[in-house]
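See below for final.txt, which holds compact mmCIF, C-alpha atoms and all ligand atoms.
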```txt
# COMPACT_ATOMS: atom_id res chain seq x y z
CA MET A 14 -16.40 32.89 8.21
CA SER A 15 -17.45 29.64 6.54
CA ALA A 16 -18.85 29.68 3.01
CA VAL A 17 -22.12 28.32 4.37
CA PHE A 18 -23.35 31.89 4.39
CA SER A 19 -21.73 32.98 1.13
CA SER A 20 -24.23 33.74 -1.62
CA ALA A 21 -21.54 33.04 -4.24
CA GLU A 22 -21.62 29.30 -3.49
CA PRO A 23 -24.17 27.16 -5.39
CA PHE A 24 -24.79 24.83 -2.41
CA ASP A 25 -24.85 24.97 1.33
CA ALA A 26 -22.53 22.48 3.08
CA VAL A 27 -25.12 21.86 5.79
CA ASP A 28 -27.72 20.85 3.19
CA VAL A 29 -25.27 18.41 1.62
CA ILE A 30 -24.48 16.91 5.04
CA ARG A 31 -28.19 16.62 5.89
CA ARG A 32 -28.92 14.91 2.59
CA LYS A 33 -26.40 12.16 3.27
CA ARG A 34 -27.35 12.00 6.94
CA ASP A 35 -30.95 11.33 5.84
CA ARG A 36 -29.81 8.54 3.47
CA HIS A 37 -30.43 10.34 0.18
CA GLU A 38 -28.12 10.28 -2.78
CA LEU A 39 -25.92 13.29 -3.48
CA SER A 40 -26.18 14.74 -6.98
CA ASP A 41 -23.14 14.99 -9.28
CA ALA A 42 -23.20 18.77 -8.88
CA GLN A 43 -23.26 18.51 -5.07
CA ILE A 44 -20.32 16.11 -5.08
CA ASP A 45 -18.29 18.24 -7.50
CA TRP A 46 -18.97 21.30 -5.40
CA VAL A 47 -18.26 19.81 -1.98
CA ILE A 48 -14.89 18.36 -3.07
CA ASP A 49 -13.88 21.56 -4.82
CA ALA A 50 -15.04 23.83 -2.00
CA TYR A 51 -13.31 21.66 0.61
CA THR A 52 -10.04 21.76 -1.36
CA ARG A 53 -10.33 25.57 -1.60
CA GLY A 54 -11.04 25.80 2.14
CA ASP A 55 -14.63 27.02 1.69
CA VAL A 56 -16.10 23.91 3.28
CA ALA A 57 -14.69 23.68 6.79
CA ASP A 58 -12.95 20.61 8.28
CA GLU A 59 -15.78 20.09 10.77
CA GLN A 60 -18.32 20.07 7.93
CA MET A 61 -16.32 17.60 5.87
CA SER A 62 -15.88 15.39 8.96
CA ALA A 63 -19.63 15.32 9.45
CA LEU A 64 -20.15 14.42 5.80
CA ALA A 65 -17.45 11.70 5.95
CA MET A 66 -19.18 10.22 9.01
CA ALA A 67 -22.56 10.29 7.24
CA ILE A 68 -20.94 8.48 4.29
CA LEU A 69 -19.35 5.94 6.63
CA LEU A 70 -22.73 5.25 8.25
CA ASN A 71 -24.99 5.42 5.18
CA GLY A 72 -22.69 4.48 2.28
CA MET A 73 -22.67 5.73 -1.28
CA THR A 74 -24.05 4.26 -4.49
CA HIS A 75 -21.65 3.29 -7.24
CA ARG A 76 -22.58 6.47 -9.13
CA GLU A 77 -21.80 8.64 -6.11
CA THR A 78 -18.49 6.86 -5.46
CA ALA A 79 -17.47 7.20 -9.12
CA ARG A 80 -18.33 10.89 -9.15
CA TRP A 81 -16.52 11.46 -5.82
CA THR A 82 -13.43 9.82 -7.36
CA THR A 83 -13.66 11.94 -10.52
CA ALA A 84 -14.02 15.10 -8.43
CA MET A 85 -10.91 14.23 -6.40
CA ILE A 86 -8.94 13.55 -9.60
CA ALA A 87 -10.08 16.93 -10.94
CA SER A 88 -8.72 18.66 -7.82
CA GLY A 89 -5.15 18.22 -9.12
CA GLU A 90 -2.95 17.31 -12.05
CA ARG A 91 -3.02 14.14 -14.16
CA LEU A 92 0.18 12.55 -15.35
CA ASP A 93 0.44 11.47 -18.96
CA PHE A 94 2.82 8.75 -20.09
CA SER A 95 1.69 8.66 -23.71
CA SER A 96 5.04 10.10 -24.85
CA LEU A 97 6.91 7.00 -23.62
CA HIS A 98 7.86 4.73 -26.50
CA SER A 99 9.34 1.27 -26.85
CA PRO A 100 12.56 0.84 -28.90
CA GLY A 101 10.38 -0.25 -31.88
CA GLY A 102 8.52 3.09 -31.74
CA ALA A 103 5.19 1.83 -30.38
CA GLN A 104 3.68 3.53 -27.32
CA ARG A 105 5.08 1.87 -24.23
CA PRO A 106 2.48 0.22 -21.98
CA THR A 107 2.40 1.22 -18.31
CA ALA A 108 1.41 -0.91 -15.32
CA ASP A 109 1.28 -0.26 -11.61
CA LYS A 110 0.43 -2.23 -8.48
CA HIS A 111 -1.22 -0.98 -5.33
CA SER A 112 -1.36 -2.89 -2.08
CA THR A 113 -3.82 -1.96 0.64
CA GLY A 114 -0.94 -2.54 3.05
CA GLY A 115 0.27 -5.27 5.33
CA VAL A 116 3.11 -6.53 7.49
CA GLY A 117 6.31 -7.48 5.68
CA ASP A 118 4.81 -6.35 2.38
CA LYS A 119 7.95 -5.50 0.41
CA ILE A 120 6.57 -6.79 -2.89
CA THR A 121 6.89 -3.46 -4.75
CA LEU A 122 10.69 -3.63 -4.43
CA PRO A 123 11.28 -6.74 -6.53
CA LEU A 124 8.07 -6.31 -8.58
CA ALA A 125 8.71 -2.91 -10.21
CA PRO A 126 12.08 -3.86 -11.76
CA LEU A 127 10.79 -7.33 -12.63
CA VAL A 128 7.90 -6.01 -14.75
CA ALA A 129 10.17 -3.42 -16.41
CA VAL A 130 12.36 -6.29 -17.72
CA PHE A 131 9.57 -7.00 -20.23
CA GLY A 132 9.40 -3.48 -21.67
CA VAL A 133 6.43 -2.34 -19.58
CA ALA A 134 7.03 1.00 -17.81
CA VAL A 135 6.24 0.91 -14.08
CA PRO A 136 5.45 4.30 -12.51
CA GLN A 137 5.07 3.28 -8.88
CA LEU A 138 4.02 6.21 -6.71
CA SER A 139 4.29 5.06 -3.12
CA GLY A 140 3.81 6.27 0.40
CA ARG A 141 5.34 6.20 3.84
CA GLY A 142 4.10 3.94 6.60
CA LEU A 143 1.72 5.00 9.31
CA GLY A 144 0.94 2.69 12.20
CA HIS A 145 1.77 -1.00 11.99
CA THR A 146 1.97 -1.29 8.17
CA GLY A 147 5.26 -0.35 6.61
CA GLY A 148 5.73 2.16 3.79
CA THR A 149 7.65 1.39 0.62
CA LEU A 150 9.47 4.74 0.70
CA ASP A 151 10.66 4.15 4.28
CA LYS A 152 12.12 0.82 3.22
CA LEU A 153 13.92 2.24 0.17
CA GLU A 154 15.21 5.22 2.16
CA SER A 155 17.33 2.80 4.17
CA ILE A 156 19.53 2.47 1.04
CA PRO A 157 22.33 5.03 1.42
CA GLY A 158 21.82 8.01 -0.91
CA TRP A 159 18.40 6.95 -2.28
CA ARG A 160 15.97 9.81 -2.78
CA ALA A 161 12.15 9.47 -2.86
CA SER A 162 11.22 12.89 -4.25
CA LEU A 163 11.45 13.31 -8.00
CA THR A 164 10.04 15.99 -10.26
CA ASN A 165 7.59 14.85 -12.93
CA GLY A 166 10.36 15.43 -15.50
CA GLU A 167 12.84 13.24 -13.57
CA MET A 168 10.20 10.55 -13.22
CA MET A 169 9.49 10.53 -16.97
CA ALA A 170 13.20 10.47 -17.81
CA GLN A 171 13.79 7.51 -15.48
CA LEU A 172 10.79 5.64 -16.87
CA GLY A 173 12.19 6.13 -20.36
CA GLU A 174 15.76 5.10 -19.45
CA VAL A 175 15.29 2.44 -16.76
CA GLY A 176 11.62 1.47 -17.16
CA ALA A 177 10.78 1.54 -13.45
CA VAL A 178 10.52 4.24 -10.84
CA VAL A 179 9.37 4.05 -7.23
CA CYS A 180 8.95 7.54 -5.79
CA ALA A 181 6.78 9.77 -3.62
CA ALA A 182 3.53 11.04 -5.11
CA GLY A 183 3.91 14.79 -5.75
CA ALA A 184 1.71 17.32 -3.98
CA GLY A 185 -0.14 18.03 -7.23
CA LEU A 186 -1.82 14.63 -7.46
CA ALA A 187 -5.37 14.52 -6.04
CA PRO A 188 -4.80 17.25 -3.38
CA ALA A 189 -8.43 16.85 -2.26
CA ASP A 190 -7.58 13.31 -1.18
CA LYS A 191 -4.49 14.41 0.76
CA LYS A 192 -6.57 16.84 2.77
CA LEU A 193 -9.51 14.47 3.21
CA TYR A 194 -7.37 11.46 4.14
CA ALA A 195 -5.62 13.44 6.90
CA LEU A 196 -9.04 14.48 8.20
CA ARG A 197 -10.45 10.93 8.08
CA ASP A 198 -7.42 9.72 9.97
CA VAL A 199 -8.32 11.85 13.00
CA THR A 200 -12.12 11.55 12.85
CA GLY A 201 -12.66 7.79 12.83
CA THR A 202 -13.81 7.81 9.21
CA VAL A 203 -11.05 5.91 7.45
CA GLU A 204 -12.97 2.61 7.34
CA ALA A 205 -15.67 3.59 4.84
CA ILE A 206 -15.40 1.47 1.70
CA PRO A 207 -16.53 4.23 -0.74
CA LEU A 208 -14.01 6.63 0.83
CA ILE A 209 -11.14 4.14 0.82
CA ALA A 210 -11.88 3.06 -2.76
CA SER A 211 -12.17 6.63 -4.08
CA SER A 212 -9.05 7.71 -2.15
CA ILE A 213 -6.88 4.96 -3.60
CA MET A 214 -8.34 5.05 -7.10
CA SER A 215 -8.27 8.84 -7.48
CA LYS A 216 -4.49 8.77 -6.99
CA LYS A 217 -3.97 5.76 -9.24
CA ILE A 218 -6.16 7.13 -12.06
CA ALA A 219 -4.53 10.58 -11.80
CA GLU A 220 -1.14 8.89 -11.97
CA GLY A 221 -2.04 7.83 -15.52
CA THR A 222 -1.19 4.12 -15.50
CA GLY A 223 -2.78 2.00 -18.23
CA THR A 224 -2.97 -1.17 -16.12
CA LEU A 225 -3.48 -1.42 -12.38
CA VAL A 226 -3.22 -4.55 -10.27
CA LEU A 227 -4.62 -4.22 -6.76
CA ASP A 228 -3.37 -6.41 -3.95
CA VAL A 229 -6.21 -6.27 -1.44
CA LYS A 230 -5.02 -7.77 1.83
CA VAL A 231 -7.28 -9.73 4.17
CA GLY A 232 -6.50 -10.68 7.75
CA THR A 233 -5.36 -9.37 11.10
CA GLY A 234 -2.42 -7.40 9.65
CA ALA A 235 -4.59 -5.75 6.98
CA PHE A 236 -6.96 -2.85 6.90
CA MET A 237 -9.80 -5.24 6.07
CA LYS A 238 -9.97 -7.96 8.66
CA ASP A 239 -12.65 -10.03 6.97
CA GLU A 240 -12.94 -11.45 3.52
CA ALA A 241 -16.42 -10.09 2.71
CA GLN A 242 -15.30 -6.51 3.36
CA ALA A 243 -12.07 -6.97 1.40
CA ARG A 244 -14.04 -8.42 -1.49
CA GLU A 245 -16.41 -5.46 -1.49
CA LEU A 246 -13.48 -3.03 -1.47
CA ALA A 247 -11.80 -4.91 -4.33
CA GLN A 248 -14.99 -4.99 -6.40
CA THR A 249 -15.58 -1.27 -5.83
CA MET A 250 -12.02 -0.36 -6.87
CA VAL A 251 -12.06 -2.62 -9.94
CA ALA A 252 -15.33 -1.00 -11.07
CA LEU A 253 -13.91 2.52 -10.54
CA GLY A 254 -10.75 1.69 -12.49
CA SER A 255 -12.62 0.04 -15.34
CA ASP A 256 -15.06 2.99 -15.59
CA ALA A 257 -12.05 5.29 -15.92
CA GLY A 258 -10.55 3.20 -18.75
CA VAL A 259 -7.76 1.69 -16.62
CA HIS A 260 -7.35 -2.08 -17.03
CA THR A 261 -7.88 -3.05 -13.37
CA VAL A 262 -7.65 -6.44 -11.66
CA ALA A 263 -7.56 -7.23 -7.93
CA LEU A 264 -6.12 -10.17 -6.04
CA LEU A 265 -7.37 -10.89 -2.53
CA THR A 266 -4.35 -12.09 -0.58
CA ASP A 267 -3.76 -13.35 2.93
CA MET A 268 -2.42 -11.01 5.60
CA GLY A 269 -3.06 -13.23 8.63
CA THR A 270 0.68 -13.81 8.96
CA PRO A 271 3.54 -11.56 7.76
CA LEU A 272 4.82 -11.84 4.20
CA GLY A 273 8.30 -13.29 4.09
CA LEU A 274 10.66 -13.44 7.06
CA THR A 275 11.18 -9.73 7.75
CA ALA A 276 9.12 -6.76 8.91
CA GLY A 277 11.03 -3.49 9.04
CA ASN A 278 12.92 -1.29 6.59
CA ALA A 279 16.54 -2.26 5.80
CA ILE A 280 15.82 -5.92 6.59
CA GLU A 281 12.98 -5.89 4.04
CA VAL A 282 15.29 -4.39 1.41
CA GLU A 283 17.77 -7.16 2.16
CA GLU A 284 15.05 -9.78 1.67
CA SER A 285 13.89 -8.15 -1.57
CA VAL A 286 17.44 -8.29 -2.90
CA GLU A 287 17.50 -12.03 -2.09
CA VAL A 288 14.33 -12.42 -4.20
CA LEU A 289 15.94 -10.42 -7.02
CA ALA A 290 18.95 -12.75 -6.76
CA GLY A 291 16.68 -15.74 -7.43
CA GLY A 292 16.22 -16.79 -3.77
CA GLY A 293 14.13 -15.42 -0.91
CA PRO A 294 11.07 -16.74 0.93
CA GLU A 295 8.58 -18.80 -1.08
CA ASP A 296 5.54 -16.62 -0.32
CA VAL A 297 7.30 -13.40 -1.38
CA VAL A 298 8.43 -15.02 -4.63
CA GLU A 299 4.97 -16.50 -5.30
CA LEU A 300 3.17 -13.20 -4.83
CA THR A 301 5.77 -11.20 -6.76
CA VAL A 302 5.56 -13.55 -9.74
CA ARG A 303 1.76 -13.69 -9.69
CA LEU A 304 1.39 -9.90 -9.53
CA ALA A 305 3.96 -9.54 -12.32
CA GLU A 306 1.98 -11.97 -14.48
CA GLU A 307 -1.19 -9.95 -13.91
CA MET A 308 0.56 -6.64 -14.71
CA LEU A 309 2.13 -8.06 -17.87
CA ALA A 310 -1.13 -9.62 -19.07
CA GLY A 311 -2.96 -6.32 -18.48
CA ALA A 312 -0.26 -4.51 -20.46
CA GLY A 313 -0.62 -6.96 -23.35
CA VAL A 314 2.64 -8.88 -22.76
CA HIS A 315 1.77 -12.57 -22.90
CA ASP A 316 5.12 -14.24 -23.55
CA GLY A 317 7.06 -13.11 -20.46
CA ASP A 318 8.31 -15.50 -17.78
CA PRO A 319 8.81 -13.41 -14.62
CA ALA A 320 10.04 -16.37 -12.54
CA ALA A 321 12.88 -16.86 -15.05
CA ALA A 322 13.75 -13.13 -14.95
CA LEU A 323 14.22 -13.40 -11.17
CA ARG A 324 16.39 -16.49 -11.51
CA ASP A 325 18.64 -15.26 -14.33
CA GLY A 326 19.47 -11.80 -12.95
CA ARG A 327 17.55 -9.63 -15.46
CA ALA A 328 15.31 -8.19 -12.71
CA MET A 329 18.38 -7.53 -10.53
CA ASP A 330 20.00 -5.55 -13.36
CA VAL A 331 16.94 -3.26 -13.57
CA TRP A 332 16.84 -2.95 -9.74
CA ARG A 333 20.46 -1.75 -9.67
CA ARG A 334 19.81 0.83 -12.39
CA MET A 335 16.59 1.94 -10.70
CA ILE A 336 18.28 2.49 -7.32
CA THR A 337 21.32 4.20 -8.89
CA ALA A 338 19.09 6.55 -10.95
CA GLN A 339 17.63 7.86 -7.66
CA GLY A 340 21.02 8.47 -6.06
CA GLY A 341 21.19 5.17 -4.15
CA ASP A 342 24.17 2.85 -3.96
CA PRO A 343 22.92 -0.72 -4.51
CA ASP A 344 26.24 -2.08 -3.17
CA ALA A 345 26.41 -0.02 0.03
CA PRO A 346 25.98 -1.95 3.30
CA LEU A 347 22.49 -1.43 4.71
CA PRO A 348 22.04 0.06 8.20
CA ARG A 349 21.87 -2.44 11.02
CA ALA A 350 20.16 -2.09 14.38
CA LYS A 351 22.51 -1.65 17.34
CA GLU A 352 20.65 -4.04 19.65
CA SER A 353 18.84 -7.35 19.28
CA GLU A 354 16.83 -9.71 21.42
CA THR A 355 15.65 -13.22 20.58
CA VAL A 356 12.20 -14.70 21.18
CA TYR A 357 12.25 -18.49 21.67
CA ALA A 358 9.65 -21.19 20.93
CA PRO A 359 7.79 -22.00 24.16
CA ALA A 360 7.01 -25.65 23.21
CA ASP A 361 7.65 -28.46 20.72
CA GLY A 362 5.27 -28.84 17.79
CA VAL A 363 4.11 -27.25 14.57
CA LEU A 364 3.91 -23.48 14.30
CA VAL A 365 0.32 -23.03 13.12
CA GLY A 366 -0.16 -19.34 13.83
CA LEU A 367 2.07 -16.27 13.75
CA ASP A 368 -0.16 -13.23 13.91
CA ALA A 369 0.58 -10.50 11.39
CA LEU A 370 -0.86 -7.64 13.43
CA SER A 371 1.19 -8.55 16.50
CA VAL A 372 4.42 -8.75 14.49
CA GLY A 373 3.56 -5.47 12.74
CA VAL A 374 2.92 -3.68 16.03
CA ALA A 375 6.13 -5.13 17.50
CA ALA A 376 8.17 -3.89 14.51
CA TRP A 377 6.51 -0.49 14.79
CA ARG A 378 7.25 -0.25 18.53
CA LEU A 379 10.86 -1.23 17.88
CA GLY A 380 11.14 1.90 15.72
CA ALA A 381 10.47 0.60 12.19
CA GLY A 382 7.27 2.64 11.87
CA ARG A 383 5.97 5.99 12.99
CA ALA A 384 3.06 7.08 15.16
CA ARG A 385 2.83 10.57 13.62
CA LYS A 386 3.61 11.71 10.08
CA GLU A 387 6.50 13.87 11.32
CA ASP A 388 8.30 11.03 13.18
CA ALA A 389 11.53 9.53 11.81
CA VAL A 390 11.90 5.76 11.45
CA GLN A 391 14.88 3.66 12.48
CA PRO A 392 16.16 2.05 9.28
CA GLY A 393 17.62 -1.01 11.04
CA ALA A 394 14.69 -1.74 13.36
CA GLY A 395 12.17 -4.52 12.90
CA VAL A 396 11.43 -8.20 13.40
CA ARG A 397 13.28 -11.03 11.70
CA LEU A 398 11.34 -14.30 11.71
CA HIS A 399 13.13 -17.65 11.88
CA ALA A 400 10.06 -19.82 11.29
CA LYS A 401 6.78 -19.45 9.44
CA PRO A 402 3.48 -21.27 9.93
CA GLY A 403 3.92 -24.88 8.87
CA ALA A 404 7.41 -25.21 10.35
CA THR A 405 8.19 -27.79 13.02
CA VAL A 406 9.77 -26.13 16.05
CA ARG A 407 11.41 -27.33 19.26
CA ALA A 408 11.08 -25.62 22.65
CA GLY A 409 13.93 -23.15 23.14
CA GLU A 410 14.63 -22.69 19.41
CA PRO A 411 14.80 -19.05 18.18
CA LEU A 412 11.46 -17.99 16.65
CA MET A 413 12.24 -14.37 15.94
CA THR A 414 14.84 -11.67 16.50
CA LEU A 415 13.76 -8.20 17.58
CA LEU A 416 15.94 -5.36 16.28
CA THR A 417 16.21 -1.75 17.46
CA ASP A 418 18.68 1.04 18.23
CA THR A 419 16.84 1.83 21.47
CA PRO A 420 16.71 -1.19 23.81
CA ASP A 421 14.08 0.36 26.08
CA ARG A 422 11.65 -0.49 23.26
CA PHE A 423 12.04 -4.27 23.68
CA ALA A 424 9.56 -4.61 26.55
CA ARG A 425 6.64 -3.02 24.68
CA ALA A 426 7.48 -4.92 21.50
CA LYS A 427 7.38 -8.19 23.46
CA GLU A 428 4.03 -7.18 24.95
CA ALA A 429 2.68 -6.83 21.41
CA LEU A 430 3.82 -10.38 20.71
CA ASP A 431 1.90 -11.84 23.65
CA GLY A 432 -0.34 -14.55 22.22
CA ALA A 433 0.98 -14.03 18.67
CA VAL A 434 2.43 -17.52 18.36
CA THR A 435 0.34 -20.72 18.24
CA ILE A 436 2.13 -24.06 18.41
CA ALA A 437 0.11 -27.26 17.91
CA PRO A 438 1.13 -30.89 18.32
CA ASP A 439 3.11 -32.52 15.49
CA GLY A 440 0.88 -33.57 12.61
CA SER A 441 -1.20 -30.38 12.58
CA ARG A 442 -1.18 -28.42 9.34
CA PRO A 443 -1.97 -24.72 9.19
CA ALA A 444 -4.36 -23.79 6.38
CA ARG A 445 -3.03 -20.84 4.40
CA ARG A 446 -4.03 -19.79 0.94
CA LEU A 447 -1.78 -16.89 0.04
CA ILE A 448 -3.83 -15.91 -3.00
CA ILE A 449 -7.47 -16.16 -2.00
CA ASP A 450 -9.23 -14.92 -5.12
CA ARG A 451 -8.96 -12.81 -8.26
CA ILE A 452 -11.52 -10.12 -9.02
CA ALA A 453 -11.73 -8.58 -12.49
N1 LIG B 501 -4.94 4.22 1.54
C1 LIG B 501 -5.36 5.33 0.89
O1 LIG B 501 -4.65 5.89 0.07
N2 LIG B 501 -6.57 5.85 1.21
C2 LIG B 501 -7.39 5.28 2.10
O2 LIG B 501 -8.47 5.77 2.32
C3 LIG B 501 -6.94 4.13 2.77
C4 LIG B 501 -5.71 3.62 2.46
```

Mind turning this structure into structure tokens?
Ligand code: URA
Amino acid sequence: MSAVFSSAEPFDAVDVIRRKRDRHELSDAQIDWVIDAYTRGDVADEQMSALAMAILLNGMTHRETARWTTAMIASGERLDFSSLHSPGGAQRPTADKHSTGGVGDKITLPLAPLVAVFGVAVPQLSGRGLGHTGGTLDKLESIPGWRASLTNGEMMAQLGEVGAVVCAAGAGLAPADKKLYALRDVTGTVEAIPLIASSIMSKKIAEGTGTLVLDVKVGTGAFMKDEAQARELAQTMVALGSDAGVHTVALLTDMGTPLGLTAGNAIEVEESVEVLAGGGPEDVVELTVRLAEEMLAGAGVHDGDPAAALRDGRAMDVWRRMITAQGGDPDAPLPRAKESETVYAPADGVLVGLDALSVGVAAWRLGAGRARKEDAVQPGAGVRLHAKPGATVRAGEPLMTLLTDTPDRFARAKEALDGAVTIAPDGSRPARRLIIDRIA
């Protein structure tokens, strides 16, 4: 029987739901209770779904969102990196980046080792992909031997020795969010800004980083399709981080077209290694360097030159140690898809549009992503782009290569790409600002 009728509980879930339904603020005590009771199983899933829907429809004040975040942090453990020290003996600063997710977003891979070059420890707890946006762990798992799950002790040891770790968040971190996020996913309540902001920030604050740089994506391939919503999400998260004593900055960045020239798993690792070798696509390099600058500034390092550390191999050295420390072989050949099919330019002109969502869905349908949490991904699957907006193309030239192990997937992937490409007459220029704004 639900705790609604239990006299031991200080509140009644139905009263809390009604309060939010009727557009009143929840008290701190109500929020603390509902999160705790839901985590314990004393507030039922159907009650929490009703409350999440009331929050989606009626919003939360900043105070409510901050308290909701604190309550979710309190549902689990908090990591503490204060025992990490620099060679000189001073406490080592920590910095992390979180992206709200997009197509071809492999930035964490070059970024974590790059920032570690400058003595800042990077504890990057990451996730797997769901739907059309890829997951960092899925990408790294395409490296033979690499392992995502580390104990807290292993994570600390790697941070001390290598300076960077990208691994799965343990079950102990904000368990209330794990349960609530899974529920929101199946009840149409993901898209509530207070719930998204508190979900992301509870995990990042519990993780214990000193500096956090948020990459809030805007565009068809992002969670937030329009700039006003993305801005509101960024402002809410920056305020939550700052309130919790975490130095937090957000960049609003474009996700109207994929980042770089690859969307998949192994092919994104390959592209990241090109960036670490001083090459790679311009937009991936630009965003990596800019996010590194923000992380370093937040951590108090003002004399670093991340672009130089990509060019001269220092970031690559840390990458190799980081991959090796987690059982991976940085020299092993990456898996390749068994089958490929090319998509050709339909006309002459300038490529002015290449829709991120369509490419993301195509990569997902080819096997790079999963529809359900339990599904496996194909490491070699994905989409390799041969041109980006701004390029001049000729009819019949290859525009992209579709990759999969299971050729019956090509037809549905091509359906997703219907209308994804816009070619305009020569002389047209696509307008793209990769970094739209900075919110601090
Ligand atoms: N990512 C999260 O971790 N939580 C959300 O609510 C949305 C995206």

- Item | Protein and nucleic residues near ligand LIG 501 (chain B), 12 Å, only C-alpha atoms and all ligand atoms, as a count of residues only | 56

Neighbours of point (5.3, 7.3, 14.7) within 12 Å, using all atoms listed in the file, written as a PDB file with C-alpha atoms, keeping the file's coordinate frame:
```
ATOM      1  CA  ARG A 141       5.340   6.200   3.840  1.00  0.00           C
ATOM      2  CA  GLY A 142       4.100   3.940   6.600  1.00  0.00           C
ATOM      3  CA  LEU A 143       1.720   5.000   9.310  1.00  0.00           C
ATOM      4  CA  GLY A 144       0.940   2.690  12.200  1.00  0.00           C
ATOM      5  CA  HIS A 145       1.770  -1.000  11.990  1.00  0.00           C
ATOM      6  CA  THR A 146       1.970  -1.290   8.170  1.00  0.00           C
ATOM      7  CA  GLY A 147       5.260  -0.350   6.610  1.00  0.00           C
ATOM      8  CA  VAL A 374       2.920  -3.680  16.030  1.00  0.00           C
ATOM      9  CA  ALA A 376       8.170  -3.890  14.510  1.00  0.00           C
ATOM     10  CA  TRP A 377       6.510  -0.490  14.790  1.00  0.00           C
ATOM     11  CA  ARG A 378       7.250  -0.250  18.530  1.00  0.00           C
ATOM     12  CA  LEU A 379      10.860  -1.230  17.880  1.00  0.00           C
ATOM     13  CA  GLY A 380      11.140   1.900  15.720  1.00  0.00           C
ATOM     14  CA  ALA A 381      10.470   0.600  12.190  1.00  0.00           C
ATOM     15  CA  GLY A 382       7.270   2.640  11.870  1.00  0.00           C
ATOM     16  CA  ARG A 383       5.970   5.990  12.990  1.00  0.00           C
ATOM     17  CA  ALA A 384       3.060   7.080  15.160  1.00  0.00           C
ATOM     18  CA  ARG A 385       2.830  10.570  13.620  1.00  0.00           C
ATOM     19  CA  LYS A 386       3.610  11.710  10.080  1.00  0.00           C
ATOM     20  CA  GLU A 387       6.500  13.870  11.320  1.00  0.00           C
ATOM     21  CA  ASP A 388       8.300  11.030  13.180  1.00  0.00           C
ATOM     22  CA  ALA A 389      11.530   9.530  11.810  1.00  0.00           C
ATOM     23  CA  VAL A 390      11.900   5.760  11.450  1.00  0.00           C
ATOM     24  CA  GLN A 391      14.880   3.660  12.480  1.00  0.00           C
TER      25      GLN A 391
END
```

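The nearest approach to A:Gln60 among the residues A:Lys427, A:Thr200, A:Glu77, A:Gln104, with only C-alpha atoms taken into account, belongs to A:Thr200.
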
Can you list, as a CSV table (one decimal) with C-alpha atoms, in the frame of the given file, every protein, DNA or RNA residue that comes within 10 Å of stretch 171-179 of chain A when you count only C-alpha atoms, leaving out same-chain residues fewer than 2 positions away?
```csv
chain,number,residue,atom,x,y,z
A,94,PHE,CA,2.8,8.8,-20.1
A,96,SER,CA,5.0,10.1,-24.8
A,97,LEU,CA,6.9,7.0,-23.6
A,98,HIS,CA,7.9,4.7,-26.5
A,99,SER,CA,9.3,1.3,-26.8
A,105,ARG,CA,5.1,1.9,-24.2
A,107,THR,CA,2.4,1.2,-18.3
A,108,ALA,CA,1.4,-0.9,-15.3
A,109,ASP,CA,1.3,-0.3,-11.6
A,121,THR,CA,6.9,-3.5,-4.8
A,122,LEU,CA,10.7,-3.6,-4.4
A,124,LEU,CA,8.1,-6.3,-8.6
A,125,ALA,CA,8.7,-2.9,-10.2
A,126,PRO,CA,12.1,-3.9,-11.8
A,127,LEU,CA,10.8,-7.3,-12.6
A,128,VAL,CA,7.9,-6.0,-14.8
A,129,ALA,CA,10.2,-3.4,-16.4
A,130,VAL,CA,12.4,-6.3,-17.7
A,131,PHE,CA,9.6,-7.0,-20.2
A,132,GLY,CA,9.4,-3.5,-21.7
A,133,VAL,CA,6.4,-2.3,-19.6
A,134,ALA,CA,7.0,1.0,-17.8
A,135,VAL,CA,6.2,0.9,-14.1
A,136,PRO,CA,5.4,4.3,-12.5
A,137,GLN,CA,5.1,3.3,-8.9
A,138,LEU,CA,4.0,6.2,-6.7
A,139,SER,CA,4.3,5.1,-3.1
A,140,GLY,CA,3.8,6.3,0.4
A,149,THR,CA,7.6,1.4,0.6
A,150,LEU,CA,9.5,4.7,0.7
A,153,LEU,CA,13.9,2.2,0.2
A,160,ARG,CA,16.0,9.8,-2.8
A,161,ALA,CA,12.2,9.5,-2.9
A,162,SER,CA,11.2,12.9,-4.2
A,163,LEU,CA,11.4,13.3,-8.0
A,165,ASN,CA,7.6,14.8,-12.9
A,166,GLY,CA,10.4,15.4,-15.5
A,167,GLU,CA,12.8,13.2,-13.6
A,168,MET,CA,10.2,10.6,-13.2
A,169,MET,CA,9.5,10.5,-17.0
A,181,ALA,CA,6.8,9.8,-3.6
A,182,ALA,CA,3.5,11.0,-5.1
A,330,ASP,CA,20.0,-5.6,-13.4
A,331,VAL,CA,16.9,-3.3,-13.6
A,332,TRP,CA,16.8,-3.0,-9.7
A,333,ARG,CA,20.5,-1.8,-9.7
A,334,ARG,CA,19.8,0.8,-12.4
A,335,MET,CA,16.6,1.9,-10.7
A,336,ILE,CA,18.3,2.5,-7.3
A,338,ALA,CA,19.1,6.6,-11.0
A,339,GLN,CA,17.6,7.9,-7.7
```

- Query: Nearest to A:Leu347 among A:Leu398, A:Ala360, A:Ile156, A:Met66, with distances taken over only C-alpha atoms: which residue is it?
  - Reply: A:Ile156

- Task: Provide the atom CA of A:Val27 to atom CA of A:Thr249 distance in Å, to one decimal place.
- Result: 27.6 Å

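Minimum atom-to-atom distance to A:Asp45, evaluated using all atoms listed in the file, belongs to A:Ala79 out of A:Lys33, A:Ala21, A:Ala79, A:Thr270.
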
- Which residue out of A:Ala63, A:Ala263, A:Val116, A:Ser40 has the minimum interatomic distance to A:Trp81 when all atoms listed in the file are used? A:Ser40
